[in-house]
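Okay, coords-v5.cif is below, mmCIF, C-alpha atoms:
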```
data_my_file
loop_
_atom_site.label_atom_id
_atom_site.label_comp_id
_atom_site.auth_asym_id
_atom_site.auth_seq_id
_atom_site.Cartn_x
_atom_site.Cartn_y
_atom_site.Cartn_z
CA MET A 1 0.00 0.00 0.00
CA ARG A 2 2.84 2.31 0.96
CA THR A 3 4.72 1.56 -2.27
CA LEU A 4 1.58 2.27 -4.31
CA LYS A 5 1.18 5.64 -2.59
CA THR A 6 4.80 6.50 -3.33
CA VAL A 7 4.39 5.48 -6.97
CA ILE A 8 1.22 7.62 -7.31
CA ILE A 9 2.84 10.67 -5.68
CA LEU A 10 5.94 10.26 -7.81
CA SER A 11 3.86 9.91 -11.00
CA VAL A 12 1.89 13.05 -10.12
CA LEU A 13 5.13 14.93 -9.42
CA ILE A 14 6.71 13.81 -12.69
CA ILE A 15 3.60 14.72 -14.69
CA ALA A 16 3.38 18.11 -12.95
CA GLY A 17 7.09 18.73 -13.57
CA ALA A 18 6.77 17.78 -17.23
CA LEU A 19 3.76 20.08 -17.62
CA ILE A 20 5.55 23.01 -15.97
CA PHE A 21 8.61 22.38 -18.18
CA TRP A 22 6.44 22.19 -21.30
CA PHE A 23 4.48 25.35 -20.46
CA HIS A 24 7.64 27.29 -19.69
CA PHE A 25 9.42 26.44 -22.93
CA SER A 26 6.40 26.59 -25.19
CA LYS A 27 5.35 30.06 -23.97
CA ASP A 28 6.86 32.01 -26.87
CA VAL A 29 5.44 29.73 -29.53
CA ALA A 30 1.98 29.85 -28.02
CA ARG A 31 1.95 33.65 -27.63
CA ALA A 32 3.59 34.61 -30.90
CA PRO A 33 2.97 38.32 -31.55
CA GLU A 34 1.05 39.50 -34.58
CA ILE A 35 3.54 41.05 -36.96
CA GLU A 36 2.28 43.19 -39.82
CA LYS A 37 3.80 43.04 -43.28
CA ALA A 38 6.74 45.36 -43.99
CA LYS A 39 5.81 48.65 -45.63
CA ILE A 40 7.95 51.14 -47.51
CA SER A 41 7.58 54.34 -45.54
CA ASP A 42 10.03 56.51 -47.47
CA ILE A 43 12.40 56.54 -50.43
CA SER A 44 14.79 59.45 -50.68
CA THR A 45 17.48 60.14 -53.23
CA MET A 46 20.82 61.68 -52.35
CA LEU A 47 24.38 62.08 -53.50
CA ARG A 48 26.72 61.19 -50.72
CA LEU A 49 30.28 60.07 -50.84
CA CYS A 50 30.67 57.41 -48.18
CA THR A 51 34.24 56.80 -47.11
CA MET A 52 33.92 54.90 -43.87
CA GLU A 53 31.71 52.12 -42.52
CA LEU A 54 31.64 51.46 -38.82
CA TYR A 55 30.66 48.38 -36.84
CA GLU A 56 30.82 48.18 -33.08
CA GLU A 57 29.44 45.98 -30.32
CA VAL A 58 28.83 48.05 -27.23
CA PRO A 59 27.78 47.16 -23.71
CA VAL A 60 24.73 49.12 -22.55
CA LYS A 61 24.78 49.88 -18.83
CA ALA A 62 22.15 52.17 -17.42
CA SER A 63 20.51 53.01 -14.13
CA ILE A 64 17.35 54.91 -13.28
CA GLY A 65 17.05 55.29 -9.53
CA SER A 66 17.49 51.84 -8.04
CA ARG A 67 16.68 50.08 -11.32
CA HIS A 68 19.50 48.84 -13.55
CA LEU A 69 19.76 47.50 -17.07
CA PHE A 70 22.57 45.66 -18.76
CA ALA A 71 22.41 44.85 -22.45
CA ARG A 72 24.60 44.32 -25.51
CA GLU A 73 24.02 46.25 -28.70
CA VAL A 74 25.61 46.06 -32.14
CA LEU A 75 25.91 49.42 -33.87
CA THR A 76 26.58 50.15 -37.51
CA GLY A 77 27.39 53.51 -38.93
CA THR A 78 28.70 55.46 -41.87
CA ILE A 79 30.69 58.63 -42.35
CA SER A 80 29.71 60.35 -45.57
CA PHE A 81 29.72 63.73 -47.31
CA ASP A 82 26.96 65.44 -49.25
CA VAL A 83 28.24 65.90 -52.79
CA GLU A 84 25.41 68.32 -53.58
CA LYS A 85 26.63 70.64 -50.84
CA LEU A 86 30.19 70.86 -52.14
CA GLU A 87 31.36 74.45 -52.56
CA VAL A 88 32.97 74.46 -56.00
CA GLU A 89 34.86 77.37 -57.51
CA GLU A 90 36.05 77.16 -61.10
CA CYS A 91 39.22 79.11 -61.89
CA GLY A 92 40.19 78.39 -65.49
CA ASP A 93 41.38 74.79 -65.62
CA THR A 94 41.26 74.39 -61.87
CA LEU A 95 38.38 73.30 -59.65
CA LYS A 96 38.64 74.50 -56.07
CA ILE A 97 36.49 72.47 -53.70
CA ILE A 98 35.81 73.01 -50.00
CA LEU A 99 35.05 69.83 -48.08
CA PRO A 100 31.68 70.07 -46.32
CA ARG A 101 30.58 68.92 -42.87
CA GLU A 102 30.58 65.14 -42.41
CA ILE A 103 27.34 63.20 -41.95
CA ILE A 104 27.55 60.52 -39.29
CA GLU A 105 24.73 58.01 -39.24
CA ILE A 106 24.46 55.49 -36.44
CA TYR A 107 22.00 52.60 -36.43
CA GLU A 108 21.38 49.33 -34.67
CA ALA A 109 22.62 46.44 -36.82
CA THR A 110 20.16 44.11 -38.51
CA GLU A 111 22.11 40.94 -37.74
CA PRO A 112 20.40 38.50 -35.40
CA ASP A 113 20.70 39.42 -31.70
CA SER A 114 21.91 42.94 -32.37
CA TYR A 115 20.20 44.12 -29.21
CA LYS A 116 20.08 41.69 -26.34
CA VAL A 117 18.93 42.55 -22.83
CA ILE A 118 21.05 40.45 -20.52
CA ASP A 119 19.81 41.60 -17.12
CA THR A 120 17.49 44.05 -15.43
CA TRP A 121 17.32 44.35 -11.67
CA ASN A 122 16.31 46.55 -8.75
CA ASP A 123 18.43 47.22 -5.68
CA ASN A 124 15.29 47.19 -3.55
CA LEU A 125 14.10 43.67 -2.82
CA PHE A 126 10.46 44.35 -3.67
CA GLY A 127 11.01 47.02 -6.31
CA THR A 128 10.22 46.50 -9.99
CA SER A 129 13.02 45.99 -12.48
CA ASN A 130 10.86 47.05 -15.39
CA PHE A 131 11.97 49.75 -17.86
CA THR A 132 9.37 51.42 -20.06
CA ALA A 133 9.94 51.82 -23.80
CA ALA A 134 10.39 55.59 -23.31
CA GLU A 135 13.08 55.03 -20.64
CA GLU A 136 14.83 52.50 -22.82
CA ASN A 137 14.75 54.88 -25.80
CA ILE A 138 16.40 57.60 -23.67
CA ILE A 139 19.13 55.10 -22.70
CA LYS A 140 19.68 54.22 -26.36
CA GLY A 141 19.85 57.90 -27.29
CA LYS A 142 22.70 58.27 -24.78
CA VAL A 143 24.45 55.23 -26.28
CA ARG A 144 24.26 56.88 -29.71
CA LYS A 145 25.66 60.17 -28.39
CA SER A 146 28.46 58.38 -26.58
CA TYR A 147 29.39 56.37 -29.68
CA ARG A 148 29.33 59.51 -31.81
CA ARG A 149 31.80 61.15 -29.40
CA ALA A 150 34.00 58.04 -29.61
CA VAL A 151 34.00 58.21 -33.43
CA TYR A 152 35.58 61.68 -33.19
CA ALA A 153 37.89 60.78 -30.32
CA LYS A 154 39.26 57.71 -32.10
CA GLY A 155 40.14 59.82 -35.16
CA TYR A 156 37.73 58.06 -37.54
CA VAL A 157 36.31 61.37 -38.77
CA GLU A 158 39.76 62.84 -39.36
CA CYS A 159 40.69 59.76 -41.36
CA ALA A 160 37.41 59.85 -43.31
CA ARG A 161 37.89 63.52 -44.23
CA LYS A 162 41.42 62.87 -45.45
CA GLU A 163 40.29 59.92 -47.58
CA THR A 164 37.31 61.83 -48.95
CA ALA A 165 39.58 64.67 -50.09
CA GLN A 166 41.76 62.14 -51.94
CA ASN A 167 38.79 60.27 -53.42
CA LEU A 168 37.10 63.48 -54.57
CA THR A 169 40.32 64.66 -56.21
CA SER A 170 40.77 61.45 -58.19
CA HIS A 171 37.06 61.08 -58.99
CA LEU A 172 36.56 64.62 -60.27
CA THR A 173 39.92 64.77 -62.06
CA ALA A 174 38.97 61.64 -64.03
CA LEU A 175 35.53 63.00 -64.89
CA THR A 176 36.28 66.64 -65.66
CA ASP A 177 39.91 66.50 -66.86
CA LYS A 178 40.66 69.55 -64.72
CA THR A 179 43.07 70.12 -61.87
CA VAL A 180 41.13 69.55 -58.67
CA ILE A 181 42.19 71.10 -55.37
CA VAL A 182 40.22 70.01 -52.30
CA THR A 183 40.67 72.10 -49.17
CA ASP A 184 39.54 71.00 -45.74
CA PRO A 185 38.63 73.88 -43.40
CA SER A 186 38.28 71.54 -40.42
CA PRO A 187 40.46 68.40 -40.69
CA LYS A 188 39.17 67.02 -37.37
CA GLY A 189 35.56 67.48 -38.43
CA TYR A 190 32.64 69.11 -36.70
CA PRO A 191 31.90 67.33 -33.43
CA ASP A 192 29.19 69.78 -32.36
CA MET T 1 8.72 8.87 3.10
CA LYS T 2 12.48 8.82 2.77
CA LYS T 3 12.10 8.06 -0.93
CA ILE T 4 9.76 10.99 -1.42
CA PHE T 5 12.19 13.26 0.39
CA CYS T 6 15.02 11.98 -1.83
CA THR T 7 12.92 12.64 -4.95
CA PHE T 8 12.22 16.22 -3.80
CA LEU T 9 15.88 16.70 -3.06
CA TRP T 10 16.81 15.39 -6.51
CA LEU T 11 14.24 17.66 -8.19
CA ALA T 12 15.51 20.67 -6.22
CA VAL T 13 19.14 19.91 -7.10
CA SER T 14 18.21 19.45 -10.79
CA GLY T 15 16.33 22.74 -10.74
CA ILE T 16 19.26 24.60 -9.21
CA ALA T 17 21.63 22.97 -11.75
CA LEU T 18 19.35 24.05 -14.60
CA LEU T 19 19.13 27.61 -13.31
CA SER T 20 22.88 27.87 -12.71
CA GLY T 21 23.39 26.59 -16.27
CA CYS T 22 21.28 29.49 -17.59
CA ASP T 23 23.29 31.93 -15.49
CA LYS T 24 26.52 30.63 -16.95
CA LEU T 25 25.20 31.15 -20.44
CA ALA T 26 24.26 34.74 -19.65
CA SER T 27 27.57 35.61 -18.03
CA LYS T 28 29.50 33.98 -20.86
CA ASP T 29 27.53 36.13 -23.27
CA ALA T 30 28.15 39.24 -21.20
CA GLY T 31 31.86 38.54 -21.01
CA ARG T 32 32.23 37.94 -24.74
CA ASN T 33 34.82 40.01 -26.53
CA LEU T 34 33.17 42.98 -28.17
CA LEU T 35 33.82 43.46 -31.85
CA SER T 36 34.88 46.72 -33.42
CA GLU T 37 35.55 47.25 -37.08
CA VAL T 38 36.23 50.26 -39.28
CA LYS T 39 36.28 49.84 -43.04
CA SER T 40 37.41 52.36 -45.64
CA VAL T 41 35.13 52.47 -48.66
CA ASN T 42 34.60 54.67 -51.69
CA LYS T 43 30.90 54.52 -52.39
CA LEU T 44 28.55 56.99 -53.98
CA VAL T 45 25.29 56.66 -52.05
CA LEU T 46 22.33 57.42 -54.30
CA ALA T 47 19.17 56.43 -52.50
CA GLN T 48 17.85 55.26 -49.17
CA MET T 49 14.67 53.43 -48.27
CA ALA T 50 12.92 53.27 -44.91
CA VAL T 51 10.88 50.11 -44.35
CA SER T 52 8.55 50.11 -41.38
CA LYS T 53 7.43 47.13 -39.36
CA MET T 54 4.74 46.95 -36.73
CA ALA T 55 3.90 44.23 -34.21
CA THR T 56 1.17 43.74 -31.65
CA ILE T 57 1.31 41.97 -28.31
CA ASP T 58 -2.10 40.71 -27.26
CA ASP T 59 -3.83 37.82 -25.52
CA ILE T 60 -4.64 34.85 -27.70
CA ASP T 61 -8.20 34.89 -28.91
CA LEU T 62 -9.68 31.48 -28.06
CA SER T 63 -11.65 31.38 -31.30
CA LYS T 64 -8.43 31.85 -33.28
CA ALA T 65 -6.24 29.54 -31.17
CA GLU T 66 -4.64 26.71 -33.07
CA GLY T 67 -3.47 23.55 -31.36
CA LEU T 68 -3.28 22.56 -27.73
CA LYS T 69 -0.54 25.03 -26.78
CA GLN T 70 -2.37 28.10 -28.03
CA THR T 71 -5.71 26.93 -26.65
CA THR T 72 -4.19 26.39 -23.20
CA ALA T 73 -2.45 29.79 -23.38
CA GLY T 74 -5.71 31.38 -24.49
CA LEU T 75 -7.58 29.80 -21.59
CA LEU T 76 -4.93 31.01 -19.12
CA ASP T 77 -5.14 34.52 -20.58
CA ALA T 78 -8.94 34.49 -20.34
CA ILE T 79 -8.94 33.80 -16.60
CA LYS T 80 -6.36 36.47 -15.79
CA LEU T 81 -7.61 39.81 -14.50
CA GLY T 82 -6.98 42.75 -16.81
CA ASN T 83 -5.68 43.40 -20.31
CA ARG T 84 -2.24 43.24 -21.83
CA LYS T 85 -2.08 44.94 -25.20
CA ALA T 86 0.69 46.87 -26.90
CA ALA T 87 1.85 47.82 -30.38
CA TYR T 88 5.42 48.61 -31.40
CA SER T 89 7.03 49.78 -34.61
CA TYR T 90 10.39 50.88 -35.98
CA ASN T 91 12.12 51.53 -39.32
CA THR T 92 14.85 49.56 -41.06
CA TYR T 93 16.99 51.26 -43.70
CA LEU T 94 18.26 50.03 -47.03
CA ARG T 95 20.80 51.93 -49.08
CA ALA T 96 21.65 51.89 -52.78
CA SER T 97 25.12 52.87 -53.91
CA ILE T 98 27.79 52.34 -56.55
CA ASP T 99 31.33 51.37 -55.68
CA LEU T 100 33.53 54.07 -57.21
CA SER T 101 36.72 52.15 -56.43
CA THR T 102 35.87 49.64 -59.17
CA MET T 103 35.74 52.32 -61.87
CA THR T 104 38.55 52.38 -64.42
CA GLU T 105 39.72 54.97 -66.96
CA GLY T 106 38.07 52.97 -69.75
CA ASP T 107 34.67 53.49 -68.18
CA ILE T 108 34.55 57.07 -69.48
CA LYS T 109 34.67 57.35 -73.26
CA VAL T 110 34.54 60.64 -75.13
CA ASN T 111 33.56 60.75 -78.78
CA GLU T 112 34.55 64.20 -80.01
CA SER T 113 33.01 63.86 -83.47
CA ALA T 114 29.65 62.62 -82.19
CA LYS T 115 29.87 64.97 -79.19
CA THR T 116 28.97 62.16 -76.78
CA ILE T 117 30.38 61.05 -73.45
CA THR T 118 29.62 57.46 -72.43
CA VAL T 119 29.98 56.65 -68.74
CA THR T 120 29.81 52.99 -67.76
CA LEU T 121 29.13 52.76 -64.06
CA PRO T 122 29.47 49.86 -61.62
CA PRO T 123 26.18 48.09 -60.82
CA VAL T 124 23.90 49.63 -58.21
CA GLN T 125 24.19 47.65 -54.99
CA THR T 126 21.62 47.59 -52.25
CA GLU T 127 22.29 46.69 -48.64
CA PHE T 128 20.80 46.97 -45.18
CA ILE T 129 22.49 49.77 -43.29
CA GLY T 130 20.67 49.30 -40.01
CA ARG T 131 17.48 49.87 -38.08
CA ASP T 132 16.23 52.45 -35.61
CA MET T 133 17.88 52.03 -32.23
CA GLU T 134 14.69 53.18 -30.55
CA ILE T 135 11.38 51.36 -30.73
CA LYS T 136 8.18 53.36 -31.08
CA GLU T 137 5.42 52.45 -28.66
CA ASP T 138 2.27 53.06 -30.69
CA HIS T 139 -0.08 51.66 -28.07
CA TYR T 140 0.23 50.41 -24.47
CA ARG T 141 -2.56 49.18 -22.22
CA VAL T 142 -1.66 46.86 -19.38
CA THR T 143 -4.32 46.76 -16.69
CA GLY T 144 -5.39 44.70 -13.68
CA LEU T 145 -3.01 42.05 -12.47
CA ARG T 146 -1.20 41.63 -15.76
CA SER T 147 2.58 41.92 -15.95
CA GLN T 148 4.16 44.96 -17.62
CA ILE T 149 5.92 44.48 -20.94
CA ASN T 150 9.61 44.54 -20.12
CA ALA T 151 12.82 45.38 -21.98
CA LYS T 152 13.67 41.74 -22.64
CA GLU T 153 10.26 41.09 -24.19
CA ARG T 154 10.57 44.16 -26.41
CA ALA T 155 14.07 43.14 -27.53
CA GLU T 156 12.84 39.65 -28.41
CA LEU T 157 9.90 41.15 -30.29
CA LYS T 158 12.27 43.38 -32.26
CA GLU T 159 14.34 40.31 -33.14
CA GLN T 160 11.30 38.51 -34.52
CA MET T 161 10.23 41.60 -36.47
CA ASN T 162 13.75 41.98 -37.85
CA ALA T 163 13.97 38.35 -39.00
CA MET T 164 10.59 38.61 -40.70
CA LEU T 165 11.42 41.91 -42.38
CA LYS T 166 14.70 40.60 -43.78
CA HIS T 167 12.93 37.54 -45.12
CA GLU T 168 10.25 39.69 -46.76
CA VAL T 169 12.84 41.93 -48.43
CA GLU T 170 14.66 38.80 -49.60
CA VAL T 171 11.65 37.12 -51.19
CA LYS T 172 9.92 40.23 -52.56
CA PRO T 173 12.17 41.88 -55.18
CA GLU T 174 9.93 44.97 -55.34
CA PHE T 175 11.70 46.47 -52.31
CA ARG T 176 15.14 46.40 -53.91
CA ASN T 177 13.78 47.14 -57.40
CA ARG T 178 12.16 50.40 -56.31
CA LEU T 179 15.30 51.48 -54.51
CA GLU T 180 17.53 50.58 -57.43
CA ALA T 181 15.28 52.47 -59.87
CA ALA T 182 15.44 55.61 -57.71
CA ALA T 183 19.22 55.24 -57.42
CA ARG T 184 19.73 54.83 -61.16
CA ALA T 185 17.63 57.90 -61.94
CA LYS T 186 19.60 59.99 -59.44
CA CYS T 187 22.91 58.71 -60.77
CA GLU T 188 22.01 59.45 -64.38
CA SER T 189 20.94 63.00 -63.56
CA TYR T 190 24.16 63.62 -61.57
CA PHE T 191 26.48 62.50 -64.35
CA ARG T 192 24.46 64.35 -67.00
CA THR T 193 24.71 67.58 -64.99
CA LEU T 194 28.40 67.07 -64.25
CA LEU T 195 29.50 66.21 -67.77
CA GLY T 196 26.80 67.56 -70.03
CA HIS T 197 28.31 70.94 -70.86
CA ASP T 198 29.72 72.37 -74.13
CA GLY T 199 26.97 70.60 -76.07
CA TYR T 200 27.97 67.06 -75.12
CA ASN T 201 25.35 64.36 -74.92
CA VAL T 202 25.93 62.11 -71.89
CA ILE T 203 25.05 58.41 -72.05
CA VAL T 204 25.02 56.67 -68.67
CA LYS T 205 25.23 52.87 -68.63
CA PHE T 206 25.46 50.40 -65.76
CA LYS T 207 27.64 47.27 -65.82
#
```
Target encoding structure tokens, full file:
Amino acid sequence: MRTLKTVIILSVLIIAGALIFWFHFSKDVARAPEIEKAKISDISTMLRLCTMELYEEVPVKASIGSRHLFAREVLTGTISFDVEKLEVEECGDTLKIILPREIIEIYEATEPDSYKVIDTWNDNLFGTSNFTAAEENIIKGKVRKSYRRAVYAKGYVECARKETAQNLTSHLTALTDKTVIVTDPSPKGYPD
Amino acid sequence: MKKIFCTFLWLAVSGIALLSGCDKLASKDAGRNLLSEVKSVNKLVLAQMAVSKMATIDDIDLSKAEGLKQTTAGLLDAIKLGNRKAAYSYNTYLRASIDLSTMTEGDIKVNESAKTITVTLPPVQTEFIGRDMEIKEDHYRVTGLRSQINAKERAELKEQMNAMLKHEVEVKPEFRNRLEAAARAKCESYFRTLLGHDGYNVIVKFK
């Protein structure tokens, strides 16, 4: 009788365990979100000379009060120059060009797991560790600003401006058959 | 009784082992070496496309539930107090450009007698440049005893949206075709303006 009881209890425990396990791991499949079809929201044309592509994995550490967030984010970016905003002065057989302000674009990568929240916690035992979308967006805005500063500090902009001047010279010399002189009024770029 | 106690102990130990395994995975991930890469390129960017994606988080409607898993989840949702609905969206960007570094001297031909300049350009290439870092919360209504939508859930949702968007762009050529058409038109007008002086007719071709 005692063995039977043990067997029944054990069976119930195993079934309950299996059910809990199944529910836990099948949660995402069962509650799949409704995702709408992709829509083209804008197409814009431009003429930009892109001389540098950036790729960086950054740790995201943020705190709001006693709440903390730790995540990993992959950023991609480009440093380019608007060809339509080039100041060109034609002096006989010479083209004098002034290099414009650089355009730095920073995005989140589209590779899988480009933004992964690793941990969120609260210092207070009974406090919530939840971050709203608005709070998270503010954190990401700070990450972008910080990365932008790093792009200048690491000399990427300086390098991009130098290469753009060389590329523009060779590109326009080949196309126009004129002597091209590119001057850079701010070799380190415009961080502000 | 001793056996039952042993079983409980075994279950508890297994549970702790499973949890500690998950922790190890997370810390390993956190401690991974972070990648950083800078690449010099010489591209003429001609067009950019923003593709938007929207997703909704909602309870499963029992009438639409398929299979045992969804029906069970739907039943559980139905007995919970309150609502849990939200909608999120963001943009992903595609870029069209030509690689100027692959151009050679032979790509520009001038015919003085016919007064024509023929420019043969590298093919227009399209690529994903990235997506919005921020996610737009279009709707949020979590009431009663329902749990708030957290950062992890939003990140996972964005992942699913991203995978689906990339697949859609891959299987539907209209996305890239529209971008390429805009890029070609821009490119042709640029080279015609740049070279079309002194009565020369400019012919722009793509490899």
task: Apply the PyMOL selection byres ((chain T and resi 107) around 9) to the structure shown and report the selected residues as a VMD selection string.
output: chain T and resid 103 to 106 108 to 109 118 to 121
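Residues surrounding Thr164 (chain A) within 10 Å are A:Leu49, A:Cys50, A:Thr51, A:Met52, A:Ile79, A:Ser80, A:Phe81, A:Leu99, A:Glu102, A:Glu158, A:Cys159, A:Ala160, A:Arg161, A:Asn167, A:Leu168, A:Thr169, A:Ser170, A:Val182, A:Asp184, T:Val41, T:Asn42 [only C-alpha atoms; sequence separation below 3 positions excluded].
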Define the interface residues of chain T facing chain A as those within 7 Å, counting only C-alpha atoms, and report them as a PDB file with C-alpha atoms, keeping the file's coordinate frame.
```pdb
ATOM      1  CA  ILE T   4       9.760  10.990  -1.420  1.00  0.00           C
ATOM      2  CA  ALA T  26      24.260  34.740 -19.650  1.00  0.00           C
ATOM      3  CA  LEU T  34      33.170  42.980 -28.170  1.00  0.00           C
ATOM      4  CA  LEU T  35      33.820  43.460 -31.850  1.00  0.00           C
ATOM      5  CA  SER T  36      34.880  46.720 -33.420  1.00  0.00           C
ATOM      6  CA  GLU T  37      35.550  47.250 -37.080  1.00  0.00           C
ATOM      7  CA  VAL T  38      36.230  50.260 -39.280  1.00  0.00           C
ATOM      8  CA  LYS T  39      36.280  49.840 -43.040  1.00  0.00           C
ATOM      9  CA  SER T  40      37.410  52.360 -45.640  1.00  0.00           C
ATOM     10  CA  VAL T  41      35.130  52.470 -48.660  1.00  0.00           C
ATOM     11  CA  ASN T  42      34.600  54.670 -51.690  1.00  0.00           C
ATOM     12  CA  LYS T  43      30.900  54.520 -52.390  1.00  0.00           C
ATOM     13  CA  LEU T  44      28.550  56.990 -53.980  1.00  0.00           C
ATOM     14  CA  VAL T  45      25.290  56.660 -52.050  1.00  0.00           C
ATOM     15  CA  LEU T  46      22.330  57.420 -54.300  1.00  0.00           C
ATOM     16  CA  ALA T  47      19.170  56.430 -52.500  1.00  0.00           C
ATOM     17  CA  GLN T  48      17.850  55.260 -49.170  1.00  0.00           C
ATOM     18  CA  MET T  49      14.670  53.430 -48.270  1.00  0.00           C
ATOM     19  CA  ALA T  50      12.920  53.270 -44.910  1.00  0.00           C
ATOM     20  CA  VAL T  51      10.880  50.110 -44.350  1.00  0.00           C
ATOM     21  CA  SER T  52       8.550  50.110 -41.380  1.00  0.00           C
ATOM     22  CA  LYS T  53       7.430  47.130 -39.360  1.00  0.00           C
ATOM     23  CA  MET T  54       4.740  46.950 -36.730  1.00  0.00           C
ATOM     24  CA  ALA T  55       3.900  44.230 -34.210  1.00  0.00           C
ATOM     25  CA  THR T  56       1.170  43.740 -31.650  1.00  0.00           C
ATOM     26  CA  ILE T  57       1.310  41.970 -28.310  1.00  0.00           C
ATOM     27  CA  ILE T  60      -4.640  34.850 -27.700  1.00  0.00           C
ATOM     28  CA  LYS T  69      -0.540  25.030 -26.780  1.00  0.00           C
ATOM     29  CA  GLN T  70      -2.370  28.100 -28.030  1.00  0.00           C
ATOM     30  CA  ALA T  73      -2.450  29.790 -23.380  1.00  0.00           C
ATOM     31  CA  GLY T 130      20.670  49.300 -40.010  1.00  0.00           C
ATOM     32  CA  ARG T 131      17.480  49.870 -38.080  1.00  0.00           C
ATOM     33  CA  ASP T 132      16.230  52.450 -35.610  1.00  0.00           C
ATOM     34  CA  MET T 133      17.880  52.030 -32.230  1.00  0.00           C
ATOM     35  CA  GLU T 134      14.690  53.180 -30.550  1.00  0.00           C
ATOM     36  CA  ILE T 135      11.380  51.360 -30.730  1.00  0.00           C
ATOM     37  CA  GLU T 137       5.420  52.450 -28.660  1.00  0.00           C
ATOM     38  CA  ASN T 150       9.610  44.540 -20.120  1.00  0.00           C
ATOM     39  CA  ALA T 151      12.820  45.380 -21.980  1.00  0.00           C
ATOM     40  CA  LYS T 152      13.670  41.740 -22.640  1.00  0.00           C
ATOM     41  CA  ALA T 155      14.070  43.140 -27.530  1.00  0.00           C
ATOM     42  CA  GLU T 159      14.340  40.310 -33.140  1.00  0.00           C
ATOM     43  CA  MET T 161      10.230  41.600 -36.470  1.00  0.00           C
ATOM     44  CA  ASN T 162      13.750  41.980 -37.850  1.00  0.00           C
ATOM     45  CA  LEU T 165      11.420  41.910 -42.380  1.00  0.00           C
ATOM     46  CA  ALA T 182      15.440  55.610 -57.710  1.00  0.00           C
ATOM     47  CA  ALA T 183      19.220  55.240 -57.420  1.00  0.00           C
ATOM     48  CA  LYS T 186      19.600  59.990 -59.440  1.00  0.00           C
TER      49      LYS T 186
END
```
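When CA of Ala87 (chain T) is paired with CA of Arg146 (chain T), their separation reads 16.2 Å.
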task: Point out the residue among T:Arg176, T:Lys115, T:Lys80, T:Arg154 with the least atom-to-atom distance to Tyr93 (chain T), counting all atoms listed in the file.
output: T:Arg176
field: Separation of CA of Asp61 (chain T) from CA of Ala163 (chain T) in Å
entry: 24.6 Å
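CA of Val180 (chain A) is found 27.9 Å from CA of Gln125 (chain T).
Nearest to Val110 (chain T) of all the residues T:Ser189, T:Gln148, T:Thr71, T:Asn201 is T:Asn201, based on all atoms listed in the file.
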- prompt: Care to translate the PyMOL selection byres ((chain T and resi 123) around 6) into actual residues of this file, as a ChimeraX atom specification?
  reply: /T:122,124,206-207
8 Å per side around region 135-142 of chain T: axis-aligned box centre and edge lengths, as AutoDock Vina command-line options:
```
--center_x 4.4 --center_y 50.1 --center_z -25.2 --size_x 29.9 --size_y 22.5 --size_z 27.7
```
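Each of A:Thr179, A:Ser186, A:Ser11, A:Thr173 was checked against Val157 (chain A) using only C-alpha atoms; the smallest atom-to-atom distance is that of A:Ser186.
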task: For Leu86 (chain A), list every protein, DNA or RNA residue within 7 Å, evaluated using all atoms listed in the file, and leave out those in the same chain fewer than 5 positions away; present the list as a PyMOL selection string.
output: chain A and resi 97-100
I need the residues from that last selection saved to file as a short mmCIF file (atom, residue, chain, number, x, y, z; two decimals), in the frame of the given file (with C-alpha atoms), if you can.
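Saved the output as part-v4.cif:
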```
data_model
loop_
_atom_site.label_atom_id
_atom_site.label_comp_id
_atom_site.auth_asym_id
_atom_site.auth_seq_id
_atom_site.Cartn_x
_atom_site.Cartn_y
_atom_site.Cartn_z
CA ILE A 97 36.49 72.47 -53.70
CA ILE A 98 35.81 73.01 -50.00
CA LEU A 99 35.05 69.83 -48.08
CA PRO A 100 31.68 70.07 -46.32
#
```
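Residues within 7 Å of Lys178 (chain A), counting all atoms listed in the file and excluding same-chain residues fewer than 6 positions away, are Asp93, Thr94 and Leu95 of chain A.
Among the candidate residues A:Val88, A:Ile64, A:Ile104, A:Leu19, the one lying nearest to Asp123 (chain A) is A:Ile64, with distances computed using all atoms listed in the file.
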